[in-house]
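Shown next: work_10.pdb, given as PDB, C-alpha atoms.
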ATOM      1  CA  MET A  48     116.600 119.669 115.139  1.00  0.00           C
ATOM      2  CA  THR A  49     116.065 116.454 117.117  1.00  0.00           C
ATOM      3  CA  THR A  50     113.929 113.534 115.992  1.00  0.00           C
ATOM      4  CA  THR A  51     111.311 114.499 118.571  1.00  0.00           C
ATOM      5  CA  GLU A  52     111.205 118.106 117.372  1.00  0.00           C
ATOM      6  CA  ARG A  53     110.879 116.990 113.759  1.00  0.00           C
ATOM      7  CA  ILE A  54     108.001 114.655 114.660  1.00  0.00           C
ATOM      8  CA  ILE A  55     106.208 117.420 116.567  1.00  0.00           C
ATOM      9  CA  LYS A  56     106.648 119.658 113.512  1.00  0.00           C
ATOM     10  CA  LEU A  57     105.123 116.996 111.232  1.00  0.00           C
ATOM     11  CA  ILE A  58     102.152 116.512 113.557  1.00  0.00           C
ATOM     12  CA  ARG A  59     101.673 120.271 113.886  1.00  0.00           C
ATOM     13  CA  GLU A  60     101.629 120.588 110.087  1.00  0.00           C
ATOM     14  CA  MET A  61      98.970 117.857 109.938  1.00  0.00           C
ATOM     15  CA  LYS A  62      96.779 118.912 112.849  1.00  0.00           C
ATOM     16  CA  GLY A  63      97.696 122.522 113.636  1.00  0.00           C
ATOM     17  CA  GLY A  64      98.001 124.008 117.092  1.00  0.00           C
ATOM     18  CA  ASP A  65      99.718 122.543 120.112  1.00  0.00           C
ATOM     19  CA  VAL A  66     100.788 118.915 120.068  1.00  0.00           C
ATOM     20  CA  PRO A  67     100.469 116.957 123.313  1.00  0.00           C
ATOM     21  CA  GLU A  68     103.503 114.755 123.927  1.00  0.00           C
ATOM     22  CA  ASP A  69     101.503 111.878 125.446  1.00  0.00           C
ATOM     23  CA  ASN A  70      98.137 110.167 124.924  1.00  0.00           C
ATOM     24  CA  LEU A  71      97.953 111.147 121.258  1.00  0.00           C
ATOM     25  CA  ILE A  72      95.611 108.291 120.404  1.00  0.00           C
ATOM     26  CA  ARG A  73      93.887 107.581 123.710  1.00  0.00           C
ATOM     27  CA  SER A  74      92.893 111.247 123.964  1.00  0.00           C
ATOM     28  CA  GLY A  75      91.531 111.223 120.411  1.00  0.00           C
ATOM     29  CA  PHE A  76      94.109 113.728 119.148  1.00  0.00           C
ATOM     30  CA  LEU A  77      95.195 111.221 116.452  1.00  0.00           C
ATOM     31  CA  ASP A  78      92.853 108.754 114.787  1.00  0.00           C
ATOM     32  CA  SER A  79      93.688 105.805 112.534  1.00  0.00           C
ATOM     33  CA  PHE A  80      93.659 107.971 109.406  1.00  0.00           C
ATOM     34  CA  ASP A  81      96.062 110.411 111.083  1.00  0.00           C
ATOM     35  CA  MET A  82      98.373 107.501 111.939  1.00  0.00           C
ATOM     36  CA  ILE A  83      98.551 106.512 108.261  1.00  0.00           C
ATOM     37  CA  LYS A  84      99.179 110.095 107.152  1.00  0.00           C
ATOM     38  CA  LEU A  85     101.821 110.519 109.836  1.00  0.00           C
ATOM     39  CA  THR A  86     103.493 107.255 108.814  1.00  0.00           C
ATOM     40  CA  GLU A  87     103.767 108.537 105.252  1.00  0.00           C
ATOM     41  CA  ALA A  88     105.134 111.899 106.415  1.00  0.00           C
ATOM     42  CA  ILE A  89     107.693 110.189 108.662  1.00  0.00           C
ATOM     43  CA  ALA A  90     108.802 107.935 105.800  1.00  0.00           C
ATOM     44  CA  ARG A  91     109.477 111.010 103.644  1.00  0.00           C
ATOM     45  CA  GLU A  92     111.037 113.131 106.390  1.00  0.00           C
ATOM     46  CA  PHE A  93     113.367 110.471 107.802  1.00  0.00           C
ATOM     47  CA  ASN A  94     113.806 108.283 104.709  1.00  0.00           C
ATOM     48  CA  VAL A  95     112.667 105.198 106.636  1.00  0.00           C
ATOM     49  CA  GLU A  96     110.135 102.480 106.012  1.00  0.00           C
ATOM     50  CA  ILE A  97     107.676 101.714 108.789  1.00  0.00           C
ATOM     51  CA  ASN A  98     106.328  98.192 108.645  1.00  0.00           C
ATOM     52  CA  GLY A  99     102.547  97.869 108.831  1.00  0.00           C
ATOM     53  CA  LYS A 100     102.817  95.717 111.953  1.00  0.00           C
ATOM     54  CA  ASP A 101     104.518  98.676 113.677  1.00  0.00           C
ATOM     55  CA  ILE A 102     101.529 100.976 113.162  1.00  0.00           C
ATOM     56  CA  THR A 103     100.078 100.330 116.601  1.00  0.00           C
ATOM     57  CA  GLU A 104      98.574 102.396 119.380  1.00  0.00           C
ATOM     58  CA  ASP A 105     101.625 101.775 121.562  1.00  0.00           C
ATOM     59  CA  ASN A 106     104.019 103.050 118.883  1.00  0.00           C
ATOM     60  CA  PHE A 107     101.955 106.152 118.105  1.00  0.00           C
ATOM     61  CA  ASN A 108     100.483 107.157 121.471  1.00  0.00           C
ATOM     62  CA  SER A 109     103.324 109.516 122.386  1.00  0.00           C
ATOM     63  CA  VAL A 110     105.891 111.626 120.578  1.00  0.00           C
ATOM     64  CA  ARG A 111     108.594 109.724 122.471  1.00  0.00           C
ATOM     65  CA  ALA A 112     107.257 106.353 121.225  1.00  0.00           C
ATOM     66  CA  ILE A 113     107.115 107.611 117.639  1.00  0.00           C
ATOM     67  CA  ALA A 114     110.702 108.871 117.909  1.00  0.00           C
ATOM     68  CA  ALA A 115     111.805 105.485 119.255  1.00  0.00           C
ATOM     69  CA  LEU A 116     110.125 103.781 116.288  1.00  0.00           C
ATOM     70  CA  VAL A 117     111.886 106.101 113.840  1.00  0.00           C
ATOM     71  CA  ASP A 118     115.245 105.560 115.523  1.00  0.00           C
ATOM     72  CA  LYS A 119     114.725 101.774 115.461  1.00  0.00           C
TER      73      LYS A 119
END
How does this structure look as structure tokens?
Amino acid sequence: MTTTERIIKLIREMKGGDVPEDNLIRSGFLDSFDMIKLTEAIAREFNVEINGKDITEDNFNSVRAIAALVDK
């Protein structure tokens, strides 16, 4: 399973239903609380630490951006 697929799975487990690949925050699909929960889930799933300064709209507005953050 790719990083992107694993992230989509985590978001689906949090939110249910279909996960849009873009405009996660700007569309209102994810809010600030969701970003924190997702950060925690990503830390567990990928065994990474995401710095607080990296929890930004740009880094969490698309599945691709989240995957890039994880791979960084």
Report as a ChimeraX atom specification all protein, DNA and RNA residues lying within 8 Å of A:Ile54, evaluated on only C-alpha atoms, omitting residues in the same chain fewer than 2 positions from it.
/A:50-52,56-58,89,110,113-114
Could you list, as a ChimeraX atom specification, every residue within 12 Å of A:Phe80, counting only C-alpha atoms and ignoring same-chain residues fewer than 6 positions away?
/A:61-62,72,86-87,102
Atom CA of A:Ala90 to atom CA of A:Gly75, straight-line distance in Å:
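About the pair atom CA of A:Gly75 and atom CA of A:Ala90: they are 22.9 Å apart.
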My list of candidates is A:Phe107, A:Arg91, A:Arg59, A:Glu96. Which is closest to A:Ser79 when distances are computed with only C-alpha atoms?
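Looking at the shortest contact to A:Ser79, the residue is A:Phe107.
Minimum distance to A:Asp81 across A:Asp118, A:Glu60, A:Asp105, A:Val95 (counting all atoms listed in the file) occurs at A:Glu60.
Across the model, the gap from atom CA of A:Ile83 to atom CA of A:Arg111 is 17.7 Å.
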Taking all atoms listed in the file into account, which of A:Phe93, A:Arg73, A:Thr49, A:Val66 comes nearest A:Asn108?
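Closest residue, counting all atoms listed in the file: A:Arg73.
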Just the number, please: distance in Å from atom CA of A:Glu68 to atom CA of A:Asn98, one decimal.
22.7 Å
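Residues captured in this structure file are Ile55, Asp65, Val66, Glu68, Asp69, Asn70, Leu71, Phe76, Ser109 and Val110 of chain A, according to the PyMOL selection byres ((chain A and resi 67) around 9).
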